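Novice: What follows is a structure written as structure tokens; I'll ask about it next.
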Amino acid sequence: MDTHHIPVLCDKVVDFLNPKSDGVYIDGTVGLGGHSAAILETSAPSGRVIGIDLDVEGLTVAESRLHAFGERCSLINGNFAEMDVLLERHPVHAVDGILLDLGVSSLQLDTPHRGFSFNHSGPLDMRMNPGQALDSADQTVPTAMKVVNDSTIDVLVDIFKRYGEERYAKRIAGRIVQARQEEPITTTTQFAEIVKQAVPRKTFKIHPATRVFQALRIHVNAELENLVSGLDVAISLLKQGGCLCVITFHSLEDRIVKRCFQTCAK
């Protein structure tokens with residue numbers, strides 16, 4: 001694992017945030033720590049970064065990468081939608097800039113046991129944080145495997161349409177229900193093959209399971225709901241003149257962010 005890879009749009013992020021030596025910044029999706037490292041380097045000698053991420057495995061990598069910055073960097077395992085609550089353990093009430101780099105990380109995609117990619121055979125998991133609790137102590141976020149095997153056909157169709165904008169949602173959901181009657185759907189490659197069988201071959205411009213994997217991941221992790229909440233919290237934490245920088249990867253995220261920014265601009 002190359003812990004010093006260059007993260008997406010790193011130069012642009014630094015340009016927009018314009019880190020100052022007395023500034024405090026939140027990296028709400030710290031990932032492997034690349035953006036945080038760039039912010040810390042630019043804001044030397046005294047700028048601070050509070051890095052947040054749901055993924056404990058990613059945080060371990062980030063901690064190793066950012067260790068050299070000492071007390072200037074603090075890392076928290078949590079959801080950026082709850083930044084205000086997470087910051088209660090730090091003497092910080094307002095910050096100069098916030099970064100949200102949405103979607104799935106390269107580490108998650110390249111780690112088979114996380115179940116995010118159809119390019120690797122692994123358990124159909126897709127949870128950003130496998131230990132993340134829901135409302136009660138005895139519940140955990142359901143895996144993609146549970147969603148695929150337990151949901152009704154109507155629920156599956158809704159997930160694939162709503163979060164994947166998948167035109168063949170009904171055909172795919174029907175094939176899933178048929179396949180799981182024969183045996184449980186448990187692995188990424190097994191699931192991808194089932195989806196592939198349901199999609200007309202002539203439409204293969206991208207892997208036929210791409211949108212369905214996206215939809216399942218978004219549903220399992222409540223990504224869009226967290227984004228809406230996270231944007232509201234982020235704006236409330238910014239100092240006057242502060243900067244919120246959001247990197248999106250698909251139109252669903254993009255619409256939410258644009259709508260939020262348009263509302264703030266009024």
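Identifiers for the structure tokens are assigned positionally: chains receive A, B, ... in sequence, residues are indexed from 1 per chain, and ligands are indexed from 1 in the order shown.
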With a distance cut-off of 7 Å and only C-alpha atoms, select the neighbouring residues of His35 in chain A, excluding the residue or stretch itself and same-chain residues fewer than 4 positions from it, and output the selection as a list in words.
Specialist: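 Residues near the query, excluding close chain neighbours: Pro7, Cys10 and Ile39 of chain A.
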Novice: Please report as a Markdown table every residue of range 120-184 of chain A lying within 8 Å of range 91-114 of chain A, along with the nearest atom pair and their distance in Å (one decimal), using only C-alpha atoms.
Specialist:
```
| residue | atom | partner | partner_atom | distance |
| --- | --- | --- | --- | --- |
| A:His120 | CA | A:Pro112 | CA | 5.5 |
| A:Ser121 | CA | A:Pro112 | CA | 6.1 |
| A:Gly122 | CA | A:Pro112 | CA | 4.9 |
| A:Pro123 | CA | A:His113 | CA | 5.8 |
| A:Leu124 | CA | A:Arg114 | CA | 7.6 |
| A:Asp125 | CA | A:Arg114 | CA | 5.9 |
| A:Met126 | CA | A:Arg114 | CA | 5.9 |
| A:Arg127 | CA | A:Arg114 | CA | 7.3 |
```
Novice: Please produce a file of the residues just selected, as a short mmCIF file (atom, residue, chain, number, x, y, z; two decimals), in the first residue's frame, where the atoms kept are C-alpha atoms.
Specialist:
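The file below, part21.cif, is the result:
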```cif
data_model
loop_
_atom_site.label_atom_id
_atom_site.label_comp_id
_atom_site.auth_asym_id
_atom_site.auth_seq_id
_atom_site.Cartn_x
_atom_site.Cartn_y
_atom_site.Cartn_z
CA HIS A 120 -12.17 -8.56 -6.62
CA SER A 121 -13.98 -11.55 -5.16
CA GLY A 122 -14.94 -10.90 -1.57
CA PRO A 123 -17.89 -10.88 0.83
CA LEU A 124 -20.71 -8.59 -0.30
CA ASP A 125 -20.27 -6.11 2.55
CA MET A 126 -19.87 -2.44 1.45
CA ARG A 127 -20.05 -0.90 4.93
#
```
Novice: Ranking A:Glu71, A:Asp53, A:Asp232, A:Glu193 by minimum distance to Leu32 in chain A and counting only C-alpha atoms, which one comes first?
Specialist: A:Asp53
Novice: Which polymer residues have any atom within 12 Å of an atom of Val148 in chain A, counting only C-alpha atoms, with same-chain residues fewer than 2 positions away left out, as a PyMOL selection string?
Specialist: chain A and resi 124-126+142-146+150-157+159-160+172-181+184-188+190-192+194-195+212-213+215-217+219-220
Novice: Given the selection you just returned, output its residues as a file containing C-alpha atoms, formatted as a PDB file, in the first residue's frame.
Specialist:
```pdb
ATOM      1  CA  LEU A 124     -20.710  -8.593  -0.296  1.00  0.00           C
ATOM      2  CA  ASP A 125     -20.269  -6.108   2.548  1.00  0.00           C
ATOM      3  CA  MET A 126     -19.870  -2.440   1.448  1.00  0.00           C
ATOM      4  CA  PRO A 142     -26.775  -3.970   7.354  1.00  0.00           C
ATOM      5  CA  THR A 143     -24.368  -5.383   4.813  1.00  0.00           C
ATOM      6  CA  ALA A 144     -25.060  -5.261   1.098  1.00  0.00           C
ATOM      7  CA  MET A 145     -25.409  -9.043   1.352  1.00  0.00           C
ATOM      8  CA  LYS A 146     -28.331  -8.690   3.748  1.00  0.00           C
ATOM      9  CA  ASP A 150     -33.666 -10.016   2.286  1.00  0.00           C
ATOM     10  CA  SER A 151     -35.225  -7.073   0.424  1.00  0.00           C
ATOM     11  CA  THR A 152     -38.388  -7.385  -1.626  1.00  0.00           C
ATOM     12  CA  ILE A 153     -38.206  -6.901  -5.363  1.00  0.00           C
ATOM     13  CA  ASP A 154     -39.900  -3.493  -5.036  1.00  0.00           C
ATOM     14  CA  VAL A 155     -37.332  -2.311  -2.492  1.00  0.00           C
ATOM     15  CA  LEU A 156     -34.456  -3.457  -4.719  1.00  0.00           C
ATOM     16  CA  VAL A 157     -35.954  -1.692  -7.738  1.00  0.00           C
ATOM     17  CA  ILE A 159     -32.656   1.308  -4.485  1.00  0.00           C
ATOM     18  CA  PHE A 160     -31.255   0.725  -7.970  1.00  0.00           C
ATOM     19  CA  ILE A 172     -31.934  -6.809 -12.359  1.00  0.00           C
ATOM     20  CA  ALA A 173     -34.077  -7.036  -9.222  1.00  0.00           C
ATOM     21  CA  GLY A 174     -36.095  -9.860 -10.750  1.00  0.00           C
ATOM     22  CA  ARG A 175     -32.950 -11.799 -11.607  1.00  0.00           C
ATOM     23  CA  ILE A 176     -31.621 -11.282  -8.073  1.00  0.00           C
ATOM     24  CA  VAL A 177     -34.803 -12.666  -6.514  1.00  0.00           C
ATOM     25  CA  GLN A 178     -34.662 -15.650  -8.855  1.00  0.00           C
ATOM     26  CA  ALA A 179     -30.985 -16.324  -8.115  1.00  0.00           C
ATOM     27  CA  ARG A 180     -31.288 -16.093  -4.333  1.00  0.00           C
ATOM     28  CA  GLN A 181     -34.016 -18.728  -4.363  1.00  0.00           C
ATOM     29  CA  PRO A 184     -27.715 -17.112  -1.088  1.00  0.00           C
ATOM     30  CA  ILE A 185     -25.870 -14.296  -2.842  1.00  0.00           C
ATOM     31  CA  THR A 186     -22.721 -13.837  -0.774  1.00  0.00           C
ATOM     32  CA  THR A 187     -19.812 -12.535  -2.872  1.00  0.00           C
ATOM     33  CA  THR A 188     -19.112  -9.510  -5.031  1.00  0.00           C
ATOM     34  CA  GLN A 190     -21.307 -13.749  -7.762  1.00  0.00           C
ATOM     35  CA  PHE A 191     -23.549 -10.705  -7.460  1.00  0.00           C
ATOM     36  CA  ALA A 192     -21.887  -8.925 -10.397  1.00  0.00           C
ATOM     37  CA  ILE A 194     -26.137 -12.091 -11.661  1.00  0.00           C
ATOM     38  CA  VAL A 195     -26.514  -8.429 -12.600  1.00  0.00           C
ATOM     39  CA  VAL A 212     -25.980  -1.290  -9.035  1.00  0.00           C
ATOM     40  CA  PHE A 213     -22.830  -1.481  -6.877  1.00  0.00           C
ATOM     41  CA  ALA A 215     -26.628   2.170  -5.527  1.00  0.00           C
ATOM     42  CA  LEU A 216     -26.126  -0.562  -2.938  1.00  0.00           C
ATOM     43  CA  ARG A 217     -23.154   1.219  -1.378  1.00  0.00           C
ATOM     44  CA  HIS A 219     -28.054   2.770   0.396  1.00  0.00           C
ATOM     45  CA  VAL A 220     -26.077   0.697   2.906  1.00  0.00           C
TER      46      VAL A 220
END
```
Novice: Enumerate the residues of range 25-264 of chain A with a DSSP assignment of helix (DSSP H, G or I), computed from the backbone, and present them as a ChimeraX atom specification.
Specialist: /A:34-42,56-72,80-89,106-110,112-114,144-150,153-164,169-182,188-198,201-203,210-221,223-237,251-264
Novice: Can you pull out every residue within 12 Å of range 83-89 of chain A, counting only C-alpha atoms, but drop anything in the same chain fewer than 4 positions away, and send it as a PyMOL selection string?
Specialist: chain A and resi 24-29+49-54+74-79+93-95+98-100+226-227+229-238
Novice: Step one, run DSSP on the backbone; step two, keep only residues of range 6-157 of chain A assigned to strand (DSSP E or B); then write them as a PyMOL selection string.
Specialist: chain A and resi 24-27+48-53+73-77+95-101+123+133+140
Novice: Produce a file of the selected residues containing N, CA and C atoms, as a PDB file, in the first residue's frame.
Specialist:
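Listed below is the output, selection.pdb:
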```pdb
ATOM      1  N   VAL A  24      -7.603  26.640  11.381  1.00  0.00           N
ATOM      2  CA  VAL A  24      -8.056  25.318  11.807  1.00  0.00           C
ATOM      3  C   VAL A  24      -8.958  24.764  10.709  1.00  0.00           C
ATOM      4  N   TYR A  25      -8.673  23.531  10.284  1.00  0.00           N
ATOM      5  CA  TYR A  25      -9.376  22.951   9.139  1.00  0.00           C
ATOM      6  C   TYR A  25      -9.888  21.557   9.489  1.00  0.00           C
ATOM      7  N   ILE A  26     -11.024  21.207   8.900  1.00  0.00           N
ATOM      8  CA  ILE A  26     -11.578  19.867   9.071  1.00  0.00           C
ATOM      9  C   ILE A  26     -11.501  19.129   7.744  1.00  0.00           C
ATOM     10  N   ASP A  27     -10.890  17.961   7.770  1.00  0.00           N
ATOM     11  CA  ASP A  27     -10.947  17.043   6.633  1.00  0.00           C
ATOM     12  C   ASP A  27     -11.960  15.972   7.028  1.00  0.00           C
ATOM     13  N   ARG A  48      -3.775  23.809  11.926  1.00  0.00           N
ATOM     14  CA  ARG A  48      -4.234  22.536  12.482  1.00  0.00           C
ATOM     15  C   ARG A  48      -5.256  21.877  11.566  1.00  0.00           C
ATOM     16  N   VAL A  49      -5.275  20.554  11.593  1.00  0.00           N
ATOM     17  CA  VAL A  49      -6.276  19.776  10.859  1.00  0.00           C
ATOM     18  C   VAL A  49      -6.912  18.766  11.806  1.00  0.00           C
ATOM     19  N   ILE A  50      -8.234  18.725  11.773  1.00  0.00           N
ATOM     20  CA  ILE A  50      -8.977  17.673  12.462  1.00  0.00           C
ATOM     21  C   ILE A  50      -9.519  16.750  11.381  1.00  0.00           C
ATOM     22  N   GLY A  51      -9.015  15.523  11.345  1.00  0.00           N
ATOM     23  CA  GLY A  51      -9.405  14.571  10.313  1.00  0.00           C
ATOM     24  C   GLY A  51     -10.444  13.592  10.833  1.00  0.00           C
ATOM     25  N   ILE A  52     -11.500  13.415  10.052  1.00  0.00           N
ATOM     26  CA  ILE A  52     -12.606  12.538  10.442  1.00  0.00           C
ATOM     27  C   ILE A  52     -12.814  11.483   9.368  1.00  0.00           C
ATOM     28  N   ASP A  53     -13.064  10.249   9.765  1.00  0.00           N
ATOM     29  CA  ASP A  53     -13.411   9.215   8.787  1.00  0.00           C
ATOM     30  C   ASP A  53     -14.143   8.071   9.478  1.00  0.00           C
ATOM     31  N   CYS A  73      -2.276  17.744  14.144  1.00  0.00           N
ATOM     32  CA  CYS A  73      -3.275  16.903  13.483  1.00  0.00           C
ATOM     33  C   CYS A  73      -3.949  15.978  14.492  1.00  0.00           C
ATOM     34  N   SER A  74      -5.267  15.996  14.498  1.00  0.00           N
ATOM     35  CA  SER A  74      -6.048  15.093  15.347  1.00  0.00           C
ATOM     36  C   SER A  74      -6.960  14.260  14.458  1.00  0.00           C
ATOM     37  N   LEU A  75      -7.048  12.967  14.723  1.00  0.00           N
ATOM     38  CA  LEU A  75      -7.876  12.077  13.917  1.00  0.00           C
ATOM     39  C   LEU A  75      -9.004  11.490  14.760  1.00  0.00           C
ATOM     40  N   ILE A  76     -10.197  11.439  14.161  1.00  0.00           N
ATOM     41  CA  ILE A  76     -11.385  10.957  14.858  1.00  0.00           C
ATOM     42  C   ILE A  76     -12.109   9.948  13.978  1.00  0.00           C
ATOM     43  N   ASN A  77     -12.476   8.816  14.563  1.00  0.00           N
ATOM     44  CA  ASN A  77     -13.314   7.844  13.862  1.00  0.00           C
ATOM     45  C   ASN A  77     -14.774   8.253  14.044  1.00  0.00           C
ATOM     46  N   VAL A  95     -14.315  26.916  12.404  1.00  0.00           N
ATOM     47  CA  VAL A  95     -13.105  26.567  11.655  1.00  0.00           C
ATOM     48  C   VAL A  95     -12.996  27.415  10.389  1.00  0.00           C
ATOM     49  N   ASP A  96     -11.786  27.433   9.838  1.00  0.00           N
ATOM     50  CA  ASP A  96     -11.516  28.255   8.657  1.00  0.00           C
ATOM     51  C   ASP A  96     -11.871  27.557   7.354  1.00  0.00           C
ATOM     52  N   GLY A  97     -11.853  26.241   7.352  1.00  0.00           N
ATOM     53  CA  GLY A  97     -12.163  25.525   6.118  1.00  0.00           C
ATOM     54  C   GLY A  97     -12.524  24.081   6.394  1.00  0.00           C
ATOM     55  N   ILE A  98     -13.350  23.524   5.512  1.00  0.00           N
ATOM     56  CA  ILE A  98     -13.780  22.129   5.636  1.00  0.00           C
ATOM     57  C   ILE A  98     -13.725  21.470   4.264  1.00  0.00           C
ATOM     58  N   LEU A  99     -13.197  20.257   4.229  1.00  0.00           N
ATOM     59  CA  LEU A  99     -13.142  19.466   2.999  1.00  0.00           C
ATOM     60  C   LEU A  99     -13.959  18.193   3.160  1.00  0.00           C
ATOM     61  N   LEU A 100     -14.784  17.905   2.148  1.00  0.00           N
ATOM     62  CA  LEU A 100     -15.491  16.625   2.057  1.00  0.00           C
ATOM     63  C   LEU A 100     -15.175  16.022   0.696  1.00  0.00           C
ATOM     64  N   ASP A 101     -14.477  14.901   0.702  1.00  0.00           N
ATOM     65  CA  ASP A 101     -14.131  14.179  -0.527  1.00  0.00           C
ATOM     66  C   ASP A 101     -15.010  12.928  -0.555  1.00  0.00           C
ATOM     67  N   PRO A 123     -16.537 -10.900   0.261  1.00  0.00           N
ATOM     68  CA  PRO A 123     -17.887 -10.877   0.825  1.00  0.00           C
ATOM     69  C   PRO A 123     -18.622  -9.610   0.409  1.00  0.00           C
ATOM     70  N   ALA A 133     -22.719   1.598  14.667  1.00  0.00           N
ATOM     71  CA  ALA A 133     -24.021   1.284  15.258  1.00  0.00           C
ATOM     72  C   ALA A 133     -25.114   2.165  14.683  1.00  0.00           C
ATOM     73  N   THR A 140     -26.492  -3.074  13.952  1.00  0.00           N
ATOM     74  CA  THR A 140     -25.388  -2.580  13.145  1.00  0.00           C
ATOM     75  C   THR A 140     -25.905  -2.276  11.754  1.00  0.00           C
TER      76      THR A 140
END
```
